[in-house]
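Chemist: For reference, this is coords_38.pdb, and it has PDB, C-alpha atoms and all ligand atoms.
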ATOM      1  CA  MET C   1      70.386  43.617 -72.107
ATOM      2  CA  ALA C   2      68.381  45.922 -74.358
ATOM      3  CA  LEU C   3      65.992  44.366 -76.859
ATOM      4  CA  VAL C   4      67.627  43.428 -80.169
ATOM      5  CA  PRO C   5      66.044  43.248 -83.628
ATOM      6  CA  VAL C   6      65.075  39.795 -84.919
ATOM      7  CA  ALA C   7      67.176  40.445 -88.066
ATOM      8  CA  GLN C   8      70.338  40.537 -85.957
ATOM      9  CA  LEU C   9      69.530  37.186 -84.324
ATOM     10  CA  LEU C  10      68.668  35.634 -87.684
ATOM     11  CA  ALA C  11      71.882  36.882 -89.326
ATOM     12  CA  GLU C  12      73.851  35.110 -86.595
ATOM     13  CA  ALA C  13      71.654  32.025 -87.021
ATOM     14  CA  GLU C  14      72.408  32.081 -90.752
ATOM     15  CA  ASN C  15      76.157  32.031 -90.054
ATOM     16  CA  GLY C  16      75.794  29.224 -87.521
ATOM     17  CA  GLU C  17      73.174  27.315 -89.570
ATOM     18  CA  TYR C  18      70.678  27.025 -86.745
ATOM     19  CA  ALA C  19      67.253  28.597 -86.028
ATOM     20  CA  VAL C  20      66.015  30.893 -83.278
ATOM     21  CA  GLY C  21      62.789  29.996 -81.469
ATOM     22  CA  ALA C  22      60.014  32.583 -81.548
ATOM     23  CA  PHE C  23      57.716  31.859 -78.633
ATOM     24  CA  ASN C  24      54.334  33.490 -78.100
ATOM     25  CA  ALA C  25      54.266  35.613 -74.948
ATOM     26  CA  ASN C  26      50.716  35.574 -73.597
ATOM     27  CA  ASN C  27      51.047  36.391 -69.907
ATOM     28  CA  MET C  28      53.628  37.059 -67.215
ATOM     29  CA  GLU C  29      54.278  33.399 -66.401
ATOM     30  CA  ILE C  30      54.917  32.523 -70.035
ATOM     31  CA  VAL C  31      57.244  35.513 -70.505
ATOM     32  CA  GLN C  32      59.153  34.344 -67.429
ATOM     33  CA  ALA C  33      59.236  30.764 -68.720
ATOM     34  CA  ILE C  34      60.672  31.835 -72.094
ATOM     35  CA  MET C  35      63.255  33.972 -70.311
ATOM     36  CA  GLU C  36      64.267  31.191 -67.930
ATOM     37  CA  ALA C  37      64.527  28.591 -70.694
ATOM     38  CA  ALA C  38      66.712  30.905 -72.810
ATOM     39  CA  ARG C  39      68.882  31.738 -69.802
ATOM     40  CA  LEU C  40      69.397  28.086 -68.863
ATOM     41  CA  GLU C  41      70.157  27.113 -72.467
ATOM     42  CA  LYS C  42      72.330  30.225 -73.076
ATOM     43  CA  SER C  43      70.311  30.900 -76.199
ATOM     44  CA  PRO C  44      69.121  33.981 -78.075
ATOM     45  CA  VAL C  45      65.332  34.109 -78.077
ATOM     46  CA  ILE C  46      62.376  35.877 -79.702
ATOM     47  CA  MET C  47      59.270  36.716 -77.672
ATOM     48  CA  GLN C  48      56.344  37.561 -79.875
ATOM     49  CA  ALA C  49      52.969  39.141 -79.247
ATOM     50  CA  SER C  50      49.989  37.908 -81.247
ATOM     51  CA  GLN C  51      46.703  39.724 -81.804
ATOM     52  CA  GLY C  52      45.150  37.675 -79.012
ATOM     53  CA  ALA C  53      48.001  38.475 -76.608
ATOM     54  CA  ILE C  54      47.780  42.202 -77.303
ATOM     55  CA  LYS C  55      44.043  42.108 -76.696
ATOM     56  CA  TYR C  56      44.436  40.032 -73.536
ATOM     57  CA  ALA C  57      47.414  41.635 -71.812
ATOM     58  CA  GLY C  58      47.584  45.060 -73.487
ATOM     59  CA  LEU C  59      50.482  46.439 -75.486
ATOM     60  CA  SER C  60      52.138  48.349 -72.668
ATOM     61  CA  PHE C  61      52.069  45.368 -70.291
ATOM     62  CA  ILE C  62      53.577  43.015 -72.870
ATOM     63  CA  THR C  63      56.308  45.514 -73.715
ATOM     64  CA  ALA C  64      57.148  46.115 -70.062
ATOM     65  CA  LEU C  65      57.190  42.384 -69.226
ATOM     66  CA  VAL C  66      59.457  41.490 -72.141
ATOM     67  CA  ARG C  67      61.768  44.456 -71.481
ATOM     68  CA  MET C  68      62.161  43.292 -67.897
ATOM     69  CA  ALA C  69      62.817  39.730 -69.074
ATOM     70  CA  ALA C  70      65.466  40.972 -71.514
ATOM     71  CA  GLU C  71      67.237  42.837 -68.711
ATOM     72  CA  GLU C  72      67.198  39.857 -66.375
ATOM     73  CA  SER C  73      67.936  37.034 -68.808
ATOM     74  CA  GLY C  74      71.490  37.984 -69.767
ATOM     75  CA  VAL C  75      70.887  36.636 -73.292
ATOM     76  CA  PRO C  76      69.806  38.516 -76.468
ATOM     77  CA  VAL C  77      66.013  38.924 -76.539
ATOM     78  CA  ALA C  78      63.850  40.369 -79.348
ATOM     79  CA  LEU C  79      60.278  41.599 -78.959
ATOM     80  CA  HIS C  80      58.357  40.926 -82.154
ATOM     81  CA  LEU C  81      54.818  41.658 -83.376
ATOM     82  CA  ASP C  82      53.248  38.398 -84.620
ATOM     83  CA  HIS C  83      50.899  38.602 -87.651
ATOM     84  CA  GLY C  84      50.573  42.401 -87.597
ATOM     85  CA  THR C  85      47.286  43.328 -89.199
ATOM     86  CA  SER C  86      47.838  46.911 -90.382
ATOM     87  CA  PHE C  87      50.372  49.685 -90.884
ATOM     88  CA  GLU C  88      48.780  51.489 -87.925
ATOM     89  CA  GLN C  89      49.300  48.527 -85.595
ATOM     90  CA  VAL C  90      52.945  48.297 -86.656
ATOM     91  CA  VAL C  91      53.399  51.977 -85.765
ATOM     92  CA  ARG C  92      51.795  51.455 -82.349
ATOM     93  CA  CYS C  93      54.066  48.497 -81.574
ATOM     94  CA  ILE C  94      57.241  50.285 -82.665
ATOM     95  CA  ARG C  95      56.227  53.255 -80.564
ATOM     96  CA  SER C  96      55.660  50.968 -77.619
ATOM     97  CA  GLY C  97      59.218  49.599 -77.923
ATOM     98  CA  PHE C  98      59.060  46.467 -80.115
ATOM     99  CA  SER C  99      62.398  45.670 -81.773
ATOM    100  CA  SER C 100      60.819  43.811 -84.678
ATOM    101  CA  VAL C 101      57.477  43.502 -86.447
ATOM    102  CA  MET C 102      55.670  41.157 -88.773
ATOM    103  CA  TYR C 103      53.295  42.680 -91.252
ATOM    104  CA  ASP C 104      51.036  39.892 -92.523
ATOM    105  CA  GLY C 105      49.518  40.898 -95.844
ATOM    106  CA  SER C 106      49.214  37.295 -97.040
ATOM    107  CA  GLN C 107      45.441  37.601 -97.491
ATOM    108  CA  LEU C 108      45.844  40.587 -99.837
ATOM    109  CA  PRO C 109      46.537  40.631-103.565
ATOM    110  CA  LEU C 110      50.323  40.413-104.160
ATOM    111  CA  GLU C 111      50.879  44.045-105.179
ATOM    112  CA  GLU C 112      48.939  45.326-102.179
ATOM    113  CA  ASN C 113      50.974  43.108 -99.851
ATOM    114  CA  ILE C 114      54.140  44.511-101.489
ATOM    115  CA  ASN C 115      53.001  48.127-101.124
ATOM    116  CA  ILE C 116      52.129  47.915 -97.438
ATOM    117  CA  THR C 117      55.237  45.864 -96.603
ATOM    118  CA  ARG C 118      57.318  48.581 -98.318
ATOM    119  CA  LYS C 119      55.568  51.278 -96.308
ATOM    120  CA  VAL C 120      56.331  49.364 -93.092
ATOM    121  CA  LEU C 121      59.993  49.042 -94.088
ATOM    122  CA  GLU C 122      60.208  52.753 -94.809
ATOM    123  CA  ILE C 123      59.442  53.586 -91.194
ATOM    124  CA  ALA C 124      61.066  50.588 -89.507
ATOM    125  CA  ARG C 125      64.457  50.327 -91.201
ATOM    126  CA  PRO C 126      65.769  53.828 -90.363
ATOM    127  CA  ILE C 127      65.222  53.124 -86.665
ATOM    128  CA  GLY C 128      66.680  49.613 -86.676
ATOM    129  CA  VAL C 129      63.409  47.691 -86.313
ATOM    130  CA  SER C 130      63.374  44.546 -88.470
ATOM    131  CA  VAL C 131      60.436  43.416 -90.602
ATOM    132  CA  GLU C 132      58.996  39.973 -91.416
ATOM    133  CA  ALA C 133      56.422  39.508 -94.181
ATOM    134  CA  GLU C 134      54.266  36.552 -95.217
ATOM    135  CA  LEU C 135      53.648  35.068 -98.637
ATOM    136  CA  GLY C 136      51.274  32.146 -99.168
ATOM    137  CA  LYS C 137      48.532  31.406 -96.658
ATOM    138  CA  ILE C 138      49.403  29.474 -93.504
ATOM    139  CA  GLY C 139      45.941  29.280 -91.932
ATOM    140  CA  GLY C 140      44.804  27.086 -89.045
ATOM    141  CA  THR C 141      44.422  23.334 -88.522
ATOM    142  CA  GLU C 142      40.799  23.999 -87.663
ATOM    143  CA  ASP C 143      40.198  25.387 -91.170
ATOM    144  CA  ASP C 144      38.300  22.547 -92.790
ATOM    145  CA  ILE C 145      40.170  22.330 -96.069
ATOM    146  CA  HIS C 146      41.330  19.438 -98.188
ATOM    147  CA  VAL C 147      45.076  18.811 -98.732
ATOM    148  CA  THR C 148      44.916  19.829-102.403
ATOM    149  CA  GLU C 149      43.147  23.061-101.486
ATOM    150  CA  ARG C 150      45.797  23.681 -98.848
ATOM    151  CA  GLU C 151      48.565  23.089-101.384
ATOM    152  CA  ALA C 152      47.024  25.771-103.577
ATOM    153  CA  MET C 153      47.751  28.200-100.727
ATOM    154  CA  TYR C 154      51.458  27.267-100.543
ATOM    155  CA  THR C 155      54.100  29.882-101.318
ATOM    156  CA  ASP C 156      55.086  30.077-104.974
ATOM    157  CA  PRO C 157      58.932  30.220-105.227
ATOM    158  CA  GLU C 158      59.021  32.666-108.176
ATOM    159  CA  GLU C 159      56.524  34.914-106.420
ATOM    160  CA  ALA C 160      58.698  34.788-103.290
ATOM    161  CA  ARG C 161      61.737  35.909-105.313
ATOM    162  CA  TYR C 162      59.732  38.783-106.833
ATOM    163  CA  PHE C 163      58.280  39.790-103.456
ATOM    164  CA  VAL C 164      61.686  39.940-101.758
ATOM    165  CA  GLU C 165      63.196  41.866-104.681
ATOM    166  CA  GLN C 166      60.367  44.378-104.629
ATOM    167  CA  THR C 167      60.261  44.924-100.874
ATOM    168  CA  GLY C 168      63.760  44.254 -99.507
ATOM    169  CA  VAL C 169      62.110  42.717 -96.428
ATOM    170  CA  ASP C 170      64.342  41.181 -93.697
ATOM    171  CA  SER C 171      62.716  37.749 -93.392
ATOM    172  CA  LEU C 172      59.886  35.839 -95.058
ATOM    173  CA  ALA C 173      57.224  33.548 -93.588
ATOM    174  CA  ILE C 174      56.240  30.860 -96.076
ATOM    175  CA  ALA C 175      53.464  28.292 -96.410
ATOM    176  CA  ILE C 176      54.841  24.774 -97.052
ATOM    177  CA  GLY C 177      52.344  22.599 -95.162
ATOM    178  CA  THR C 178      52.284  23.869 -91.599
ATOM    179  CA  ALA C 179      49.179  25.299 -89.914
ATOM    180  CA  HIS C 180      48.471  27.100 -86.646
ATOM    181  CA  GLY C 181      47.112  25.015 -83.747
ATOM    182  CA  GLN C 182      46.921  21.267 -83.052
ATOM    183  CA  TYR C 183      47.317  18.960 -86.066
ATOM    184  CA  LYS C 184      44.771  16.194 -86.604
ATOM    185  CA  GLY C 185      47.219  13.900 -88.442
ATOM    186  CA  GLU C 186      50.950  14.266 -88.959
ATOM    187  CA  PRO C 187      51.921  17.298 -91.057
ATOM    188  CA  ARG C 188      54.111  16.631 -94.107
ATOM    189  CA  LEU C 189      56.162  19.603 -95.126
ATOM    190  CA  ASP C 190      56.881  20.306 -98.795
ATOM    191  CA  PHE C 191      60.688  20.262 -98.657
ATOM    192  CA  ASP C 192      61.135  20.489-102.441
ATOM    193  CA  ARG C 193      59.257  23.743-102.376
ATOM    194  CA  LEU C 194      61.324  24.994 -99.451
ATOM    195  CA  ALA C 195      64.536  24.148-101.336
ATOM    196  CA  ARG C 196      63.270  25.963-104.445
ATOM    197  CA  ILE C 197      62.333  29.018-102.388
ATOM    198  CA  ARG C 198      65.705  28.950-100.665
ATOM    199  CA  ALA C 199      67.518  28.824-104.020
ATOM    200  CA  LEU C 200      65.763  32.023-105.135
ATOM    201  CA  VAL C 201      65.463  33.916-101.849
ATOM    202  CA  ARG C 202      68.577  34.503 -99.782
ATOM    203  CA  ILE C 203      66.954  36.069 -96.695
ATOM    204  CA  PRO C 204      66.079  34.035 -93.554
ATOM    205  CA  ILE C 205      62.931  31.911 -93.872
ATOM    206  CA  VAL C 206      60.326  31.764 -91.070
ATOM    207  CA  LEU C 207      58.279  28.673 -90.223
ATOM    208  CA  HIS C 208      54.907  29.351 -88.570
ATOM    209  CA  GLY C 209      52.640  26.731 -87.045
ATOM    210  CA  SER C 210      55.624  24.684 -85.893
ATOM    211  CA  SER C 211      54.012  23.082 -82.812
ATOM    212  CA  GLY C 212      53.347  19.402 -83.486
ATOM    213  CA  VAL C 213      55.717  19.184 -86.462
ATOM    214  CA  PRO C 214      57.899  16.070 -85.876
ATOM    215  CA  ASP C 215      61.457  16.843 -84.783
ATOM    216  CA  GLU C 216      63.114  15.359 -87.856
ATOM    217  CA  GLN C 217      61.020  17.585 -90.144
ATOM    218  CA  ILE C 218      61.977  20.647 -88.094
ATOM    219  CA  ARG C 219      65.676  19.669 -88.379
ATOM    220  CA  ARG C 220      65.343  19.204 -92.122
ATOM    221  CA  ALA C 221      63.596  22.563 -92.510
ATOM    222  CA  ILE C 222      66.450  24.234 -90.616
ATOM    223  CA  SER C 223      69.018  22.488 -92.818
ATOM    224  CA  LEU C 224      67.164  24.031 -95.809
ATOM    225  CA  GLY C 225      67.300  27.614 -94.526
ATOM    226  CA  VAL C 226      64.554  28.099 -91.924
ATOM    227  CA  ARG C 227      66.020  30.467 -89.324
ATOM    228  CA  LYS C 228      63.003  31.424 -87.163
ATOM    229  CA  VAL C 229      60.624  28.766 -85.820
ATOM    230  CA  ASN C 230      57.320  29.906 -84.285
ATOM    231  CA  ILE C 231      55.898  27.965 -81.339
ATOM    232  CA  ASP C 232      52.722  28.783 -79.448
ATOM    233  CA  THR C 233      50.395  25.754 -79.210
ATOM    234  CA  ASN C 234      52.975  23.421 -77.592
ATOM    235  CA  ILE C 235      53.481  25.968 -74.792
ATOM    236  CA  ARG C 236      49.721  26.302 -74.273
ATOM    237  CA  GLU C 237      49.398  22.514 -74.064
ATOM    238  CA  ALA C 238      52.194  22.189 -71.500
ATOM    239  CA  PHE C 239      51.047  25.172 -69.443
ATOM    240  CA  VAL C 240      47.336  24.389 -69.293
ATOM    241  CA  GLY C 241      48.000  20.644 -69.035
ATOM    242  CA  ARG C 242      49.975  21.197 -65.820
ATOM    243  CA  MET C 243      47.286  23.570 -64.511
ATOM    244  CA  ARG C 244      44.703  20.818 -65.044
ATOM    245  CA  GLU C 245      46.860  18.299 -63.180
ATOM    246  CA  GLU C 246      47.378  20.654 -60.251
ATOM    247  CA  LEU C 247      43.677  21.450 -60.035
ATOM    248  CA  ALA C 248      42.781  17.749 -60.177
ATOM    249  CA  GLN C 249      45.276  16.950 -57.421
ATOM    250  CA  SER C 250      44.223  19.861 -55.206
ATOM    251  CA  PRO C 251      40.621  20.769 -56.052
ATOM    252  CA  GLY C 252      40.402  22.957 -52.949
ATOM    253  CA  GLU C 253      43.427  25.114 -53.848
ATOM    254  CA  ILE C 254      42.591  28.821 -54.022
ATOM    255  CA  ASP C 255      46.089  30.284 -54.326
ATOM    256  CA  PRO C 256      46.635  30.959 -58.077
ATOM    257  CA  ARG C 257      50.398  30.830 -57.549
ATOM    258  CA  LYS C 258      50.173  27.173 -56.560
ATOM    259  CA  ILE C 259      48.578  26.401 -59.926
ATOM    260  CA  LEU C 260      50.462  28.850 -62.149
ATOM    261  CA  GLY C 261      53.913  28.186 -60.655
ATOM    262  CA  PRO C 262      54.019  24.515 -61.738
ATOM    263  CA  ALA C 263      52.458  25.507 -65.092
ATOM    264  CA  ARG C 264      55.323  27.943 -65.590
ATOM    265  CA  GLU C 265      57.838  25.163 -64.855
ATOM    266  CA  ALA C 266      56.173  22.906 -67.427
ATOM    267  CA  ALA C 267      56.476  25.707 -69.989
ATOM    268  CA  VAL C 268      60.201  26.128 -69.201
ATOM    269  CA  GLU C 269      60.768  22.430 -69.941
ATOM    270  CA  ILE C 270      59.046  22.389 -73.327
ATOM    271  CA  ILE C 271      60.745  25.640 -74.403
ATOM    272  CA  ARG C 272      64.173  24.252 -73.418
ATOM    273  CA  GLU C 273      63.506  21.171 -75.556
ATOM    274  CA  LYS C 274      62.593  23.351 -78.533
ATOM    275  CA  ILE C 275      65.670  25.552 -78.099
ATOM    276  CA  ARG C 276      67.894  22.460 -78.169
ATOM    277  CA  LEU C 277      66.054  21.108 -81.202
ATOM    278  CA  PHE C 278      66.538  24.380 -83.111
ATOM    279  CA  GLY C 279      70.289  24.324 -82.415
ATOM    280  CA  SER C 280      70.434  27.734 -80.726
ATOM    281  CA  ALA C 281      71.505  26.439 -77.276
ATOM    282  CA  GLY C 282      74.896  27.841 -76.286
ATOM    283  CA  ARG C 283      74.772  30.538 -79.011
ATOM    284  CA  ALA C 284      74.057  33.525 -76.756
TER     285      ALA C 284
HETATM  286  O1  LIG Z 301      49.738  32.841 -84.790
HETATM  287  C1  LIG Z 301      48.926  32.982 -83.921
HETATM  288  C2  LIG Z 301      49.087  32.491 -82.519
HETATM  289  O2  LIG Z 301      49.574  31.189 -82.467
HETATM  290  C3  LIG Z 301      47.803  32.542 -81.772
HETATM  291  O3  LIG Z 301      47.189  33.751 -81.934
HETATM  292  O4  LIG Z 301      47.031  34.534 -79.587
HETATM  293  O5  LIG Z 301      45.752  35.629 -81.444
HETATM  294  O6  LIG Z 301      45.112  33.337 -80.595
HETATM  295  P1  LIG Z 301      46.174  34.343 -80.815
HETATM  296  P1  LIG Z 302      51.573  27.183 -83.371
HETATM  297  O1  LIG Z 302      50.602  27.680 -82.359
HETATM  298  O2  LIG Z 302      50.994  26.187 -84.303
HETATM  299  O3  LIG Z 302      52.854  26.744 -82.749
HETATM  300  O4  LIG Z 302      51.951  28.454 -84.316
HETATM  301  C1  LIG Z 302      52.559  29.573 -83.757
HETATM  302  C2  LIG Z 302      52.738  30.656 -84.761
HETATM  303  O5  LIG Z 302      52.948  30.426 -85.928
HETATM  304  C3  LIG Z 302      52.670  32.030 -84.290
HETATM  305  O6  LIG Z 302      52.792  32.947 -85.323
HETATM  306 ZN    ZN Z 303      51.955  32.340 -87.151
END
Using the file provided, produce a representation of the structure as structure tokens.
Modeler:
Amino acid sequence: MALVPVAQLLAEAENGEYAVGAFNANNMEIVQAIMEAARLEKSPVIMQASQGAIKYAGLSFITALVRMAAEESGVPVALHLDHGTSFEQVVRCIRSGFSSVMYDGSQLPLEENINITRKVLEIARPIGVSVEAELGKIGGTEDDIHVTEREAMYTDPEEARYFVEQTGVDSLAIAIGTAHGQYKGEPRLDFDRLARIRALVRIPIVLHGSSGVPDEQIRRAISLGVRKVNIDTNIREAFVGRMREELAQSPGEIDPRKILGPAREAAVEIIREKIRLFGSAGRA
């Protein structure tokens, strides 16, 4: 199957009241694991390339790997730019074959974020590439900030309504208490805020930093309108964890396939669990 835009998958998710997993594609084994999990669960899936992945694997390799996976999986697959840093990067990714992009202007003043997001939409929409934007600051778990400081970075519902009105963007990433990476304690999402945002913004909501968020909070977020759930860290943990086990068991092993093969299987398992949790299994 050819790559499909994220907006198409999220529109279907909206009708079915489930969410689509967006999994970070960092290397060939992880791309294959995402593909295999989606195929086994008969689920639509989003593969996304972060800044680190683009630097590590290169844009053309990521595009080729995900294209191949989309052809072989037999389920709808989107290739999405994760946290795009500039208009120029968005253009490069679209040119390379991405079916969807995120432009992350969350660090900019509101009007600047609006202007660049609009510019991105101007070039993406006519060619059927969907666009995700971010409002509020999601940040990382390693950022040493107090809860009250973090809350000050949460998405303001009225601002979200204004932003969506002004840009016409396809989906919106919001900050309601998640962070990228491994959590120190248990995250507690601000569901009242999510409900207020949802009441004012009718486009699909995106949850970043979803690794390590307890299952019942993920389910509740989906029931309140989250339609795309981003997972990277949990795949890294499963993948590298299995590599460590293999290396410990066979310290003399020199065939990388003997280490990476089991790691790939561990990634398939965790991705399948997430797909079932998000409710997208059987929706392809
Ligand atoms: O959102 C960011 C990803 O989880 C990690 O990004 O691959 O650039 O380290 P990275
Ligand atoms: P985690 O690594 O916390 O799962 O976050 C992934 C993400 O939000 C990618 O954009
Ligand atoms: Zn993110």
Chemist: Neighbouring residues of Ser171 (chain C) were defined as those with any atom within 7 Å, considering only C-alpha atoms; residues of the same chain fewer than 5 positions away were excluded. Please report them as a PDB file with C-alpha atoms, in the frame of the given file.
Modeler:
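Result file follows (selection-v9.pdb):
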ATOM      1  CA  VAL C 131      60.436  43.416 -90.602  1.00  0.00           C
ATOM      2  CA  GLU C 132      58.996  39.973 -91.416  1.00  0.00           C
ATOM      3  CA  ALA C 133      56.422  39.508 -94.181  1.00  0.00           C
ATOM      4  CA  ILE C 203      66.954  36.069 -96.695  1.00  0.00           C
ATOM      5  CA  PRO C 204      66.079  34.035 -93.554  1.00  0.00           C
ATOM      6  CA  ILE C 205      62.931  31.911 -93.872  1.00  0.00           C
ATOM      7  CA  VAL C 206      60.326  31.764 -91.070  1.00  0.00           C
TER       8      VAL C 206
END
Chemist: Could you tell me, counting only C-alpha atoms and all ligand atoms, which protein and nucleic acid residues lie no more than 8 Å from ligand ZN 303 (chain Z), written as a PyMOL selection string?
Modeler: chain C and resi 82-83+138+180+207-209+230
Chemist: Within 10 Å of ligand LIG 302 (chain Z), counting only C-alpha atoms and all ligand atoms, which protein or nucleic acid residues do you find, written as a VMD selection string?
Modeler: chain C and resid 22 to 24 48 to 51 81 to 84 102 138 to 141 173 178 to 183 206 to 213 229 to 237
Chemist: Of the candidates C:Gly16, C:Gly279, C:Pro157, C:Gly52, which one gets nearest to ligand LIG 301 (chain Z) if we count all atoms listed in the file?
Modeler: C:Gly52
Chemist: Considering all atoms listed in the file, state which residue in the set C:Val129, C:Ala266, C:Val226, C:Leu277 is at the smallest distance from Glu14 (chain C).
Modeler: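 Among the listed residues, C:Val226 lies closest to Glu14 (chain C).
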Chemist: When you draw a straight line from CA of Ala175 (chain C) to CA of Thr117 (chain C), how long is it in Å?
Modeler: 17.7 Å
Chemist: For region 61-64 of chain C, find every residue with an atom within 10 Å (counting all atoms listed in the file), except residues of its own chain fewer than 3 positions away, and show them as a PyMOL selection string.
Modeler: chain C and resi 25-28+31+47-49+53-54+56-58+67-70+79-80+93+96-98
Chemist: From the set C:Asp144, C:Gln32, C:Thr85, C:Ala38, which residue has the shortest atom-to-atom contact distance to ligand LIG 301 (chain Z), counting all atoms listed in the file?
Modeler: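 Closest to ligand LIG 301 (chain Z), using all atoms listed in the file: C:Thr85.
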Chemist: Near Leu108 (chain C), within 12 Å and counting only C-alpha atoms, which residues show up once chain neighbours fewer than 3 positions away are dropped, as a ChimeraX atom specification?
Modeler: /C:85-86,103-105,111-117,134-137
Chemist: Store the residues picked out above, limited to C-alpha atoms, as an mmCIF file, keeping the file's coordinate frame.
Modeler:
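The file below, result_2.cif, is the result:
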data_model
loop_
_atom_site.group_PDB
_atom_site.id
_atom_site.type_symbol
_atom_site.label_atom_id
_atom_site.label_comp_id
_atom_site.auth_asym_id
_atom_site.auth_seq_id
_atom_site.Cartn_x
_atom_site.Cartn_y
_atom_site.Cartn_z
ATOM 1 C CA THR C 85 47.286 43.328 -89.199
ATOM 2 C CA SER C 86 47.838 46.911 -90.382
ATOM 3 C CA TYR C 103 53.295 42.680 -91.252
ATOM 4 C CA ASP C 104 51.036 39.892 -92.523
ATOM 5 C CA GLY C 105 49.518 40.898 -95.844
ATOM 6 C CA GLU C 111 50.879 44.045 -105.179
ATOM 7 C CA GLU C 112 48.939 45.326 -102.179
ATOM 8 C CA ASN C 113 50.974 43.108 -99.851
ATOM 9 C CA ILE C 114 54.140 44.511 -101.489
ATOM 10 C CA ASN C 115 53.001 48.127 -101.124
ATOM 11 C CA ILE C 116 52.129 47.915 -97.438
ATOM 12 C CA THR C 117 55.237 45.864 -96.603
ATOM 13 C CA GLU C 134 54.266 36.552 -95.217
ATOM 14 C CA LEU C 135 53.648 35.068 -98.637
ATOM 15 C CA GLY C 136 51.274 32.146 -99.168
ATOM 16 C CA LYS C 137 48.532 31.406 -96.658
#
Chemist: What does the distance from CA of Arg202 (chain C) to CA of Leu121 (chain C) come to in Å, to one decimal?
Modeler: 17.8 Å
Chemist: Which neighbours of Glu216 (chain C) fall inside 12 Å, counting only C-alpha atoms, when residues of the same chain fewer than 3 positions from it are skipped, and could you give them as JSON, numbers by chain?
Modeler: {"C": [187, 188, 189, 212, 213, 219, 220, 221, 222, 223, 277, 278]}
Chemist: Measuring between all atoms listed in the file, which one of C:Glu72, C:Gln249, C:Ile174, C:Leu224 shows the shortest distance to Leu3 (chain C)?
Modeler: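 Smallest separation from Leu3 (chain C) among the options: C:Glu72.
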Chemist: I need the residue nearest ligand LIG 301 (chain Z) from this list: C:Lys55, C:Lys119, C:Lys258, C:Lys228. Use all atoms listed in the file for the distance.
Modeler: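 Looking only at the distances to ligand LIG 301 (chain Z), the closest residue turns out to be C:Lys55.
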Chemist: Could you tell me which residues the PyMOL selection byres (((chain C and resi 7) around 8) and not hetatm) returns for this structure, as a PyMOL selection string?
Modeler: chain C and resi 5-6+8-11+100+130-131+170-171
Chemist: Could those selected residues go to a file with C-alpha atoms, as a PDB file, in the coordinates of the input?
Modeler:
ATOM      1  CA  PRO C   5      66.044  43.248 -83.628  1.00  0.00           C
ATOM      2  CA  VAL C   6      65.075  39.795 -84.919  1.00  0.00           C
ATOM      3  CA  GLN C   8      70.338  40.537 -85.957  1.00  0.00           C
ATOM      4  CA  LEU C   9      69.530  37.186 -84.324  1.00  0.00           C
ATOM      5  CA  LEU C  10      68.668  35.634 -87.684  1.00  0.00           C
ATOM      6  CA  ALA C  11      71.882  36.882 -89.326  1.00  0.00           C
ATOM      7  CA  SER C 100      60.819  43.811 -84.678  1.00  0.00           C
ATOM      8  CA  SER C 130      63.374  44.546 -88.470  1.00  0.00           C
ATOM      9  CA  VAL C 131      60.436  43.416 -90.602  1.00  0.00           C
ATOM     10  CA  ASP C 170      64.342  41.181 -93.697  1.00  0.00           C
ATOM     11  CA  SER C 171      62.716  37.749 -93.392  1.00  0.00           C
TER      12      SER C 171
END
Chemist: Using the chain letters and numbers from the file, which residues does the PyMOL selection byres (((chain C and resi 241) around 12) and not hetatm) grab, as an NGL selection string?
Modeler: :C and (233-240 or 242-248 or 259-260 or 262-267 or 270)
